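Below: input-v1.txt (compact mmCIF, C-alpha atoms (C1' of nucleotides))
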# COMPACT_ATOMS: atom_id res chain seq x y z
CA MET A 1 0.00 0.00 0.00
CA THR A 2 2.68 2.42 0.90
CA THR A 3 4.55 1.62 -2.30
CA ASN A 4 1.30 1.95 -4.21
CA GLU A 5 0.80 5.38 -2.66
CA ALA A 6 4.26 6.40 -3.66
CA SER A 7 3.77 5.41 -7.28
CA ARG A 8 0.25 6.83 -7.57
CA PRO A 9 0.14 9.73 -5.15
CA VAL A 10 -2.89 11.32 -6.80
CA ARG A 11 -5.50 8.72 -5.79
CA ARG A 12 -6.24 7.97 -2.15
CA GLY A 13 -2.79 9.22 -1.27
CA PRO A 14 -1.94 12.01 1.12
CA TYR A 15 -2.29 14.59 -1.70
CA ALA A 16 -5.57 13.23 -3.05
CA LYS A 17 -7.73 15.83 -1.37
CA SER A 18 -5.34 18.58 -2.32
CA ALA A 19 -5.53 17.60 -5.99
CA GLU A 20 -9.32 17.56 -5.85
CA ARG A 21 -9.30 20.99 -4.28
CA ARG A 22 -7.04 22.37 -6.97
CA HIS A 23 -9.33 20.95 -9.59
CA ALA A 24 -12.40 22.50 -7.98
CA ILE A 25 -10.64 25.85 -7.79
CA LEU A 26 -9.64 25.72 -11.45
CA ALA A 27 -13.21 24.94 -12.49
CA ALA A 28 -14.57 27.81 -10.40
CA ALA A 29 -11.92 30.23 -11.64
CA HIS A 30 -12.69 29.20 -15.21
CA ASP A 31 -16.32 30.19 -14.70
CA VAL A 32 -15.49 33.47 -12.97
CA PHE A 33 -12.89 34.63 -15.50
CA ALA A 34 -15.17 33.61 -18.36
CA ALA A 35 -18.07 35.60 -16.98
CA ARG A 36 -16.20 38.68 -15.75
CA GLY A 37 -12.71 38.62 -17.25
CA TYR A 38 -9.44 38.54 -15.35
CA ARG A 39 -9.60 42.11 -14.06
CA GLY A 40 -13.34 41.97 -13.45
CA GLY A 41 -13.32 38.66 -11.61
CA SER A 42 -12.17 38.52 -8.00
CA LEU A 43 -10.55 35.82 -5.91
CA GLN A 44 -13.47 36.19 -3.54
CA ASP A 45 -15.87 35.23 -6.32
CA VAL A 46 -13.81 32.12 -6.98
CA ALA A 47 -13.51 31.23 -3.31
CA ASP A 48 -17.26 31.62 -2.77
CA ARG A 49 -18.02 29.22 -5.60
CA VAL A 50 -15.72 26.52 -4.33
CA GLY A 51 -16.87 27.08 -0.75
CA MET A 52 -13.71 28.26 0.91
CA SER A 53 -12.16 31.47 2.12
CA GLN A 54 -10.18 33.75 -0.15
CA THR A 55 -7.04 33.20 1.92
CA SER A 56 -7.35 29.42 1.71
CA LEU A 57 -7.52 29.76 -2.05
CA LEU A 58 -4.18 31.54 -2.00
CA HIS A 59 -2.72 28.49 -0.29
CA TYR A 60 -3.15 26.57 -3.58
CA PHE A 61 -2.33 29.37 -5.99
CA PRO A 62 -0.03 31.99 -4.45
CA SER A 63 -1.38 34.86 -6.53
CA LYS A 64 -4.19 35.79 -8.89
CA SER A 65 -1.90 35.76 -11.90
CA ASP A 66 -0.69 32.25 -11.03
CA LEU A 67 -4.29 31.16 -10.95
CA LEU A 68 -4.90 32.69 -14.38
CA ILE A 69 -2.00 30.86 -15.98
CA ALA A 70 -3.14 27.60 -14.40
CA VAL A 71 -6.67 28.12 -15.75
CA LEU A 72 -5.37 28.80 -19.26
CA ASN A 73 -3.26 25.65 -19.26
CA TRP A 74 -6.13 23.65 -17.79
CA ARG A 75 -8.38 24.89 -20.58
CA ASP A 76 -6.00 23.39 -23.12
CA SER A 77 -6.29 20.01 -21.43
CA ILE A 78 -10.10 20.19 -21.42
CA THR A 79 -10.55 21.18 -25.03
CA GLY A 80 -7.63 19.18 -26.39
CA ASP A 81 -6.26 22.43 -27.77
CA GLY A 82 -2.72 21.94 -29.01
CA SER A 83 -2.71 18.20 -28.42
CA THR A 84 -2.65 15.48 -31.04
CA PRO A 85 -5.93 14.87 -32.87
CA PRO A 86 -7.94 11.80 -31.85
CA ASP A 87 -7.85 10.41 -35.39
CA PRO A 88 -4.63 11.02 -37.34
CA GLU A 89 -6.47 10.19 -40.58
CA GLU A 90 -9.05 12.91 -39.97
CA GLY A 91 -8.93 15.71 -42.53
CA LEU A 92 -8.35 19.35 -41.64
CA VAL A 93 -11.91 20.39 -42.42
CA ASP A 94 -13.47 17.68 -40.29
CA ALA A 95 -11.07 18.35 -37.41
CA VAL A 96 -11.84 22.08 -37.40
CA LEU A 97 -15.61 21.61 -37.59
CA ARG A 98 -15.60 18.92 -34.91
CA GLN A 99 -13.61 21.16 -32.58
CA ALA A 100 -15.86 24.14 -33.30
CA ARG A 101 -19.02 22.15 -32.51
CA PHE A 102 -17.43 20.68 -29.40
CA ASN A 103 -16.44 24.06 -27.98
CA GLU A 104 -19.91 25.43 -28.63
CA ARG A 105 -21.39 22.82 -26.28
CA ILE A 106 -19.03 23.40 -23.35
CA ALA A 107 -20.40 26.43 -21.53
CA GLY A 108 -17.85 29.09 -20.82
CA VAL A 109 -15.00 27.75 -22.92
CA ILE A 110 -15.50 30.26 -25.73
CA GLU A 111 -16.25 33.10 -23.33
CA LEU A 112 -13.05 32.44 -21.40
CA TYR A 113 -10.94 32.32 -24.51
CA THR A 114 -12.44 35.35 -26.22
CA VAL A 115 -12.51 37.60 -23.18
CA LEU A 116 -9.04 36.77 -21.90
CA CYS A 117 -7.42 36.85 -25.32
CA ALA A 118 -8.42 40.45 -26.00
CA GLU A 119 -7.84 41.47 -22.39
CA SER A 120 -4.31 40.05 -22.66
CA VAL A 121 -3.22 42.82 -25.04
CA THR A 122 -3.68 45.39 -22.25
CA GLU A 123 -0.87 46.78 -20.12
CA GLY A 124 0.75 44.34 -17.75
CA HIS A 125 -1.69 41.51 -18.35
CA PRO A 126 -0.30 38.18 -17.10
CA GLY A 127 -1.92 36.22 -19.93
CA ARG A 128 -0.17 38.03 -22.75
CA GLU A 129 2.69 35.57 -23.22
CA TYR A 130 0.29 32.65 -23.28
CA PHE A 131 -1.73 34.12 -26.14
CA THR A 132 1.28 35.37 -28.09
CA ASP A 133 2.79 31.90 -27.97
CA ARG A 134 -0.51 30.26 -28.80
CA PHE A 135 -1.02 32.30 -31.96
CA GLN A 136 2.52 31.69 -33.11
CA LYS A 137 2.19 27.94 -32.64
CA LEU A 138 -1.24 27.85 -34.26
CA ARG A 139 -0.10 29.81 -37.31
CA ARG A 140 2.87 27.49 -37.79
CA SER A 141 0.76 24.38 -37.29
CA TYR A 142 -1.94 25.38 -39.79
CA THR A 143 0.64 26.67 -42.26
CA ARG A 144 2.19 23.19 -42.31
CA ARG A 145 -1.17 21.55 -42.92
CA PHE A 146 -2.09 23.94 -45.74
CA ARG A 147 1.36 23.44 -47.27
CA GLN A 148 0.77 19.69 -47.23
CA LEU A 149 -2.59 20.20 -48.93
CA ALA A 150 -0.87 22.37 -51.55
CA GLU A 151 1.63 19.59 -52.25
CA ASP A 152 -1.30 17.20 -52.68
CA GLY A 153 -2.77 19.61 -55.20
CA ARG A 154 -5.76 20.28 -53.00
CA LEU A 155 -5.17 23.98 -52.22
CA ARG A 156 -6.78 26.45 -54.59
CA ASP A 157 -4.35 28.23 -56.88
CA GLY A 158 -3.12 31.55 -55.54
CA VAL A 159 -3.83 30.75 -51.88
CA GLU A 160 -0.73 31.17 -49.72
CA PRO A 161 -0.47 28.64 -46.86
CA GLU A 162 0.72 31.33 -44.42
CA VAL A 163 -2.16 33.65 -45.29
CA ALA A 164 -4.70 30.83 -45.13
CA ALA A 165 -3.42 29.86 -41.67
CA ALA A 166 -3.74 33.39 -40.26
CA THR A 167 -7.10 33.77 -41.98
CA LEU A 168 -8.56 30.57 -40.55
CA ILE A 169 -7.48 31.45 -37.01
CA ALA A 170 -8.73 35.03 -37.31
CA LEU A 171 -12.04 33.94 -38.78
CA TRP A 172 -12.52 31.38 -36.04
CA ASP A 173 -11.83 33.87 -33.24
CA GLY A 174 -13.90 36.59 -34.84
CA ILE A 175 -16.94 34.44 -35.45
CA GLN A 176 -16.86 33.30 -31.84
CA THR A 177 -17.12 36.91 -30.71
CA GLN A 178 -20.13 37.52 -32.95
CA TRP A 179 -21.68 34.29 -31.71
CA LEU A 180 -21.30 35.33 -28.06
CA LEU A 181 -23.18 38.56 -28.73
CA ALA A 182 -25.85 37.04 -30.99
CA PRO A 183 -25.95 33.21 -30.93
CA GLU A 184 -29.10 33.03 -33.04
CA SER A 185 -27.67 35.17 -35.83
CA VAL A 186 -24.39 33.31 -36.28
CA ASP A 187 -23.56 29.82 -37.51
CA MET A 188 -19.99 29.21 -36.35
CA ALA A 189 -19.37 25.85 -37.96
CA GLY A 190 -21.15 26.90 -41.16
CA THR A 191 -19.02 30.02 -41.51
CA LEU A 192 -15.80 28.06 -41.00
CA ARG A 193 -16.93 25.41 -43.48
CA GLY A 194 -17.73 28.14 -46.02
CA TYR A 195 -14.18 29.44 -45.93
CA LEU A 196 -12.48 26.04 -45.92
CA GLU A 197 -14.53 24.78 -48.86
CA LEU A 198 -13.53 27.92 -50.71
CA ILE A 199 -9.81 27.20 -50.50
CA ILE A 200 -9.63 23.40 -50.19
CA LEU A 201 -10.46 21.38 -53.29
CA PRO A 202 -12.32 18.04 -52.95
CA GLU A 203 -10.21 14.90 -53.08
CA MET B 1 -21.31 88.79 -33.06
CA THR B 2 -23.96 87.72 -30.61
CA THR B 3 -26.07 86.28 -33.39
CA ASN B 4 -22.99 84.54 -34.72
CA GLU B 5 -22.41 83.08 -31.29
CA ALA B 6 -25.96 81.84 -31.19
CA SER B 7 -25.70 80.09 -34.53
CA ARG B 8 -22.25 78.61 -33.88
CA PRO B 9 -22.11 78.11 -30.13
CA VAL B 10 -19.12 75.77 -30.31
CA ARG B 11 -16.51 78.35 -31.30
CA ARG B 12 -15.66 81.32 -29.04
CA GLY B 13 -19.07 81.01 -27.46
CA PRO B 14 -19.80 80.59 -23.78
CA TYR B 15 -19.51 76.80 -24.08
CA ALA B 16 -16.34 76.83 -26.17
CA LYS B 17 -14.06 75.92 -23.28
CA SER B 18 -16.44 73.28 -22.08
CA ALA B 19 -16.52 71.62 -25.49
CA GLU B 20 -12.74 71.65 -25.64
CA ARG B 21 -12.59 70.07 -22.23
CA ARG B 22 -14.99 67.34 -23.22
CA HIS B 23 -12.91 66.66 -26.28
CA ALA B 24 -9.70 66.43 -24.25
CA ILE B 25 -11.37 64.06 -21.80
CA LEU B 26 -12.61 61.82 -24.61
CA ALA B 27 -9.13 61.65 -26.12
CA ALA B 28 -7.57 60.79 -22.77
CA ALA B 29 -10.24 58.21 -21.97
CA HIS B 30 -9.72 56.67 -25.39
CA ASP B 31 -6.06 56.14 -24.59
CA VAL B 32 -6.70 54.80 -21.11
CA PHE B 33 -9.42 52.35 -22.11
CA ALA B 34 -7.37 51.20 -25.09
CA ALA B 35 -4.33 50.51 -22.95
CA ARG B 36 -6.06 49.00 -19.89
CA GLY B 37 -9.62 48.18 -20.86
CA TYR B 38 -12.77 49.54 -19.26
CA ARG B 39 -12.45 47.63 -15.99
CA GLY B 40 -8.68 48.05 -15.83
CA GLY B 41 -8.65 51.77 -16.58
CA SER B 42 -9.56 54.26 -13.85
CA LEU B 43 -11.10 57.69 -13.93
CA GLN B 44 -8.05 58.89 -12.04
CA ASP B 45 -5.85 57.75 -14.95
CA VAL B 46 -8.01 59.75 -17.35
CA ALA B 47 -8.09 62.80 -15.11
CA ASP B 48 -4.30 62.77 -14.69
CA ARG B 49 -3.79 62.75 -18.44
CA VAL B 50 -6.06 65.67 -19.08
CA GLY B 51 -4.66 67.54 -16.08
CA MET B 52 -7.70 67.81 -13.87
CA SER B 53 -9.09 66.19 -10.76
CA GLN B 54 -11.14 63.04 -10.89
CA THR B 55 -14.16 64.87 -9.50
CA SER B 56 -13.96 67.60 -12.12
CA LEU B 57 -14.01 64.90 -14.75
CA LEU B 58 -17.30 63.65 -13.36
CA HIS B 59 -18.72 67.11 -13.94
CA TYR B 60 -18.55 66.43 -17.69
CA PHE B 61 -19.46 62.74 -17.64
CA PRO B 62 -21.59 61.80 -14.64
CA SER B 63 -20.33 58.24 -14.44
CA LYS B 64 -17.65 55.93 -15.79
CA SER B 65 -20.12 54.06 -17.95
CA ASP B 66 -21.37 57.32 -19.49
CA LEU B 67 -17.78 58.13 -20.37
CA LEU B 68 -17.36 54.73 -22.02
CA ILE B 69 -20.41 55.16 -24.23
CA ALA B 70 -19.25 58.64 -25.21
CA VAL B 71 -15.80 57.29 -26.12
CA LEU B 72 -17.31 54.53 -28.27
CA ASN B 73 -19.48 56.98 -30.17
CA TRP B 74 -16.59 59.40 -30.52
CA ARG B 75 -14.48 56.61 -31.99
CA ASP B 76 -17.06 56.17 -34.73
CA SER B 77 -16.76 59.82 -35.66
CA ILE B 78 -12.94 59.63 -35.78
CA THR B 79 -12.69 56.53 -37.91
CA GLY B 80 -15.73 57.22 -40.03
CA ASP B 81 -17.12 53.89 -38.89
CA GLY B 82 -20.74 53.55 -39.92
CA SER B 83 -20.83 56.78 -41.88
CA THR B 84 -21.11 57.19 -45.63
CA PRO B 85 -17.96 56.42 -47.60
CA PRO B 86 -15.96 59.41 -48.94
CA ASP B 87 -16.31 58.21 -52.52
CA PRO B 88 -19.62 56.54 -53.41
CA GLU B 89 -18.02 55.07 -56.53
CA GLU B 90 -15.34 53.32 -54.49
CA GLY B 91 -15.55 49.55 -54.65
CA LEU B 92 -15.97 47.34 -51.58
CA VAL B 93 -12.45 45.97 -51.73
CA ASP B 94 -10.83 49.39 -51.96
CA ALA B 95 -13.01 50.76 -49.17
CA VAL B 96 -12.15 47.89 -46.81
CA LEU B 97 -8.43 48.05 -47.50
CA ARG B 98 -8.33 51.83 -47.18
CA GLN B 99 -10.11 51.65 -43.84
CA ALA B 100 -7.83 48.86 -42.60
CA ARG B 101 -4.69 50.81 -43.49
CA PHE B 102 -6.12 53.98 -41.97
CA ASN B 103 -6.92 52.31 -38.63
CA GLU B 104 -3.47 50.78 -38.49
CA ARG B 105 -1.90 54.23 -38.47
CA ILE B 106 -4.05 55.75 -35.71
CA ALA B 107 -2.50 54.55 -32.45
CA GLY B 108 -4.94 53.04 -30.05
CA VAL B 109 -7.95 52.77 -32.33
CA ILE B 110 -7.58 49.03 -32.89
CA GLU B 111 -6.61 48.39 -29.28
CA LEU B 112 -9.69 50.20 -28.03
CA TYR B 113 -12.00 48.37 -30.34
CA THR B 114 -10.55 44.89 -29.79
CA VAL B 115 -10.23 45.12 -26.02
CA LEU B 116 -13.63 46.67 -25.36
CA CYS B 117 -15.45 44.45 -27.81
CA ALA B 118 -14.42 41.23 -26.08
CA GLU B 119 -14.75 42.79 -22.64
CA SER B 120 -18.31 43.78 -23.51
CA VAL B 121 -19.49 40.18 -23.47
CA THR B 122 -18.79 39.99 -19.73
CA GLU B 123 -21.44 40.35 -17.03
CA GLY B 124 -22.95 43.78 -16.70
CA HIS B 125 -20.61 45.51 -19.14
CA PRO B 126 -22.00 48.88 -20.23
CA GLY B 127 -20.62 48.52 -23.76
CA ARG B 128 -22.50 45.36 -24.64
CA GLU B 129 -25.45 47.02 -26.37
CA TYR B 130 -23.12 49.15 -28.47
CA PHE B 131 -21.26 46.15 -29.83
CA THR B 132 -24.35 44.00 -30.32
CA ASP B 133 -25.93 46.78 -32.37
CA ARG B 134 -22.74 47.41 -34.27
CA PHE B 135 -22.38 43.81 -35.39
CA GLN B 136 -26.00 43.62 -36.43
CA LYS B 137 -25.73 46.79 -38.51
CA LEU B 138 -22.42 45.75 -40.03
CA ARG B 139 -23.71 42.31 -41.03
CA ARG B 140 -26.74 43.86 -42.70
CA SER B 141 -24.68 46.50 -44.45
CA TYR B 142 -22.13 44.07 -45.88
CA THR B 143 -24.82 41.56 -46.76
CA ARG B 144 -26.46 44.24 -48.94
CA ARG B 145 -23.18 45.01 -50.67
CA PHE B 146 -22.40 41.37 -51.37
CA ARG B 147 -25.94 40.85 -52.63
CA GLN B 148 -25.43 43.72 -55.03
CA LEU B 149 -22.18 42.17 -56.24
CA ALA B 150 -23.99 38.86 -56.73
CA GLU B 151 -26.60 40.61 -58.88
CA ASP B 152 -23.76 42.08 -60.93
CA GLY B 153 -22.40 38.57 -61.41
CA ARG B 154 -19.26 39.42 -59.47
CA LEU B 155 -19.72 37.11 -56.47
CA ARG B 156 -18.21 33.66 -56.79
CA ASP B 157 -20.73 30.86 -57.25
CA GLY B 158 -21.78 29.21 -54.01
CA VAL B 159 -20.87 32.16 -51.79
CA GLU B 160 -23.82 33.30 -49.67
CA PRO B 161 -23.96 37.07 -49.10
CA GLU B 162 -24.93 36.61 -45.42
CA VAL B 163 -22.07 34.21 -44.77
CA ALA B 164 -19.58 36.41 -46.63
CA ALA B 165 -20.66 39.40 -44.52
CA ALA B 166 -20.18 37.59 -41.19
CA THR B 167 -16.91 36.12 -42.49
CA LEU B 168 -15.44 39.45 -43.54
CA ILE B 169 -16.29 41.07 -40.21
CA ALA B 170 -14.96 38.10 -38.21
CA LEU B 171 -11.79 37.94 -40.25
CA TRP B 172 -11.20 41.65 -39.84
CA ASP B 173 -11.65 41.54 -36.05
CA GLY B 174 -9.62 38.38 -35.64
CA ILE B 175 -6.66 39.55 -37.69
CA GLN B 176 -6.55 42.76 -35.67
CA THR B 177 -6.12 40.72 -32.49
CA GLN B 178 -3.25 38.74 -34.00
CA TRP B 179 -1.71 41.98 -35.24
CA LEU B 180 -1.83 43.54 -31.77
CA LEU B 181 0.08 40.59 -30.32
CA ALA B 182 2.57 40.24 -33.19
CA PRO B 183 2.57 43.20 -35.62
CA GLU B 184 5.60 41.91 -37.53
CA SER B 185 4.02 38.52 -38.19
CA VAL B 186 0.68 39.73 -39.53
CA ASP B 187 -0.31 41.63 -42.67
CA MET B 188 -3.79 42.93 -41.94
CA ALA B 189 -4.59 44.48 -45.30
CA GLY B 190 -3.00 41.57 -47.16
CA THR B 191 -5.08 39.03 -45.29
CA LEU B 192 -8.30 40.93 -45.96
CA ARG B 193 -7.39 41.33 -49.63
CA GLY B 194 -6.70 37.60 -49.86
CA TYR B 195 -10.21 36.75 -48.75
CA LEU B 196 -11.98 39.40 -50.81
CA GLU B 197 -10.16 38.43 -54.00
CA LEU B 198 -11.20 34.86 -53.33
CA ILE B 199 -14.92 35.64 -53.39
CA ILE B 200 -15.17 38.74 -55.58
CA LEU B 201 -14.57 38.29 -59.29
CA PRO B 202 -12.77 41.02 -61.28
CA GLU B 203 -14.93 43.40 -63.26
C1' DG C 1 -16.20 74.69 -13.02
C1' DT C 2 -12.87 73.28 -10.01
C1' DC C 3 -11.22 71.80 -6.10
C1' DT C 4 -10.47 69.18 -1.18
C1' DA C 5 -12.36 66.05 1.71
C1' DT C 6 -14.63 62.12 2.25
C1' DA C 7 -18.02 58.32 2.05
C1' DT C 8 -18.21 53.71 0.81
C1' DG C 9 -16.86 49.73 -1.19
C1' DT C 10 -13.72 46.35 -2.87
C1' DA C 11 -9.48 44.49 -4.24
C1' DG C 12 -5.14 41.30 -3.45
C1' DA C 13 -2.11 39.77 -0.19
C1' DT C 14 0.00 38.85 4.62
C1' DA C 15 0.22 37.40 9.72
C1' DG C 16 -0.72 34.30 12.74
C1' DA C 17 -4.00 31.38 15.66
C1' DC C 18 -5.89 26.80 15.50
C1' DG D 1 -4.93 23.42 5.50
C1' DT D 2 -8.15 26.49 7.07
C1' DC D 3 -9.65 30.23 9.14
C1' DT D 4 -10.25 35.42 11.15
C1' DA D 5 -8.34 39.65 11.26
C1' DT D 6 -5.98 43.00 9.06
C1' DC D 7 -2.92 45.74 6.00
C1' DT D 8 -2.56 48.55 2.13
C1' DA D 9 -4.06 50.17 -1.92
C1' DC D 10 -7.26 51.86 -4.99
C1' DA D 11 -11.84 52.28 -6.96
C1' DT D 12 -16.35 55.23 -7.99
C1' DA D 13 -19.09 58.59 -6.45
C1' DT D 14 -20.93 62.47 -3.41
C1' DA D 15 -20.90 66.85 -0.47
C1' DG D 16 -19.85 71.15 -0.23
C1' DA D 17 -16.45 75.20 -0.09
C1' DC D 18 -14.59 78.57 -3.27
Have the structure of the file written as structure tokens, please.
Amino acid sequence: MTTNEASRPVRRGPYAKSAERRHAILAAAHDVFAARGYRGGSLQDVADRVGMSQTSLLHYFPSKSDLLIAVLNWRDSITGDGSTPPDPEEGLVDAVLRQARFNERIAGVIELYTVLCAESVTEGHPGREYFTDRFQKLRRSYTRRFRQLAEDGRLRDGVEPEVAAATLIALWDGIQTQWLLAPESVDMAGTLRGYLELIILPE
Amino acid sequence: MTTNEASRPVRRGPYAKSAERRHAILAAAHDVFAARGYRGGSLQDVADRVGMSQTSLLHYFPSKSDLLIAVLNWRDSITGDGSTPPDPEEGLVDAVLRQARFNERIAGVIELYTVLCAESVTEGHPGREYFTDRFQKLRRSYTRRFRQLAEDGRLRDGVEPEVAAATLIALWDGIQTQWLLAPESVDMAGTLRGYLELIILPE
DNA sequence: GTCTATATGTAGATAGAC
DNA sequence: GTCTATCTACATATAGAC
């Protein structure tokens, strides 16, 4: 048992409760930052939701900015953002549309991303590096995929892979903002599909 | 002279100084909200920039949210957003690219718009109505223009005017965000041109 | 119109008892 | 690990003198 605890300290071990607490805090902070932003959301709001005092919360995350970074990284693990796709044979169009529809169903995921991303360009915002890095990685990743499509003769003539990558990311982010303000007037997946079908030729 | 004052009360009239003050406050608030957001920017910051006390500032704008609305409307008048184009004969592509290049040169205009737009989707944000209305008007306006192009046989087959409108707006907003975080890596006007040339056929 | 003074509220973070 | 109490800072807004 003791050896088992040592090899799997997360479950039933001495740190089990601590890990659960951290998880509960991350979930609560996700909701608060999504609904009110980083500057607008308070540690007290988060503590109230998880049912603990604000000072106890700071025992797990030593400062508000630490909590923000942890929430952003946790978001990646929830949405699968940046990780390998479930099906390596899945095409780019299907992968994008599946992700878009998935995000739409998880309450708060799009709010969190949209609100914090724009907020991160403000002075002294602790999330700025996260978003700068994310965009750089995303642009490179999509550029590679469009370049591969071009080699396969499936990218429309005149479309630059780099431009298509930046365009897809920008379109995705922008349509999410419109959707947040008017869900009934915007079809996120349909808009993305419209662009991708414009530049990607059928097999 | 008195009749002249009555017909043009803004210049040299009794309210001339007051109007100048309001203008100076709007410019300062524009900078502050662009750099720190609505929640992150304080009235004290604005007052310091314009060289007056925070309480004197509230003499011109009775509350922080009133100041925000005034800044948003003032922004429209600076950028010409929503007003009639300078040249009615100017094509859609030229108008979009000219506006994009113009905004890029006015420091803070894109920051203000991007930061406040996303922030406005948060709980109880006073700018929400402004942005909801703006998107609705923009979508309708661009939909009309694309529909006209379709009637002229200049819209690519299969492109829906409504989808193209939402796509153009989303792309524009999204590429601005990427540009704010990495100006050297993003070509705003080039990206917009790439999309428009994809869906609009040459005359 | 402009200011000082202040009311009132809230924030993030620390100290230290238990 | 959790709490109460508190520190320090800063916010928006009001009252009222000049």
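Distances from B:His125, B:Arg36, B:Arg145, B:Arg154 to chain A were compared using all atoms listed in the file, and the smallest one belongs to B:Arg36.
The part of chain A that reaches within 9 Å of chain D is made up of Met52, Ser53, Thr55, Ser56 and His59 of chain A, counting only C-alpha atoms (C1' of nucleotides).
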Interatomic distance (Å, one decimal) between CA of Gln99 (chain A) and CA of Lys137 (chain A): 17.2 Å
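CA of Arg193 (chain B) is positioned 19.2 Å from CA of Asp81 (chain B).
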May I ask you to extract the residues of chain A within 10 Å of chain C, using all atoms listed in the file, and to give them as a list of chain:residue names? A:Ser42, A:Leu43, A:Gln44, A:Gln54, A:Thr55, A:Leu58, A:Pro62, A:Ser63, A:Lys64
At a cut-off of 12 Å around the point (-11.0, 60.5, -34.3) (file coordinates), what residues fall inside when counting all atoms listed in the file? I'd like the answer as a VMD selection string. chain B and resid 23 to 24 26 to 27 30 to 31 71 to 81 102 to 103 105 to 109
So how many Å separate CA of Asp45 (chain B) and CA of Trp179 (chain B), to one decimal? 26.0 Å
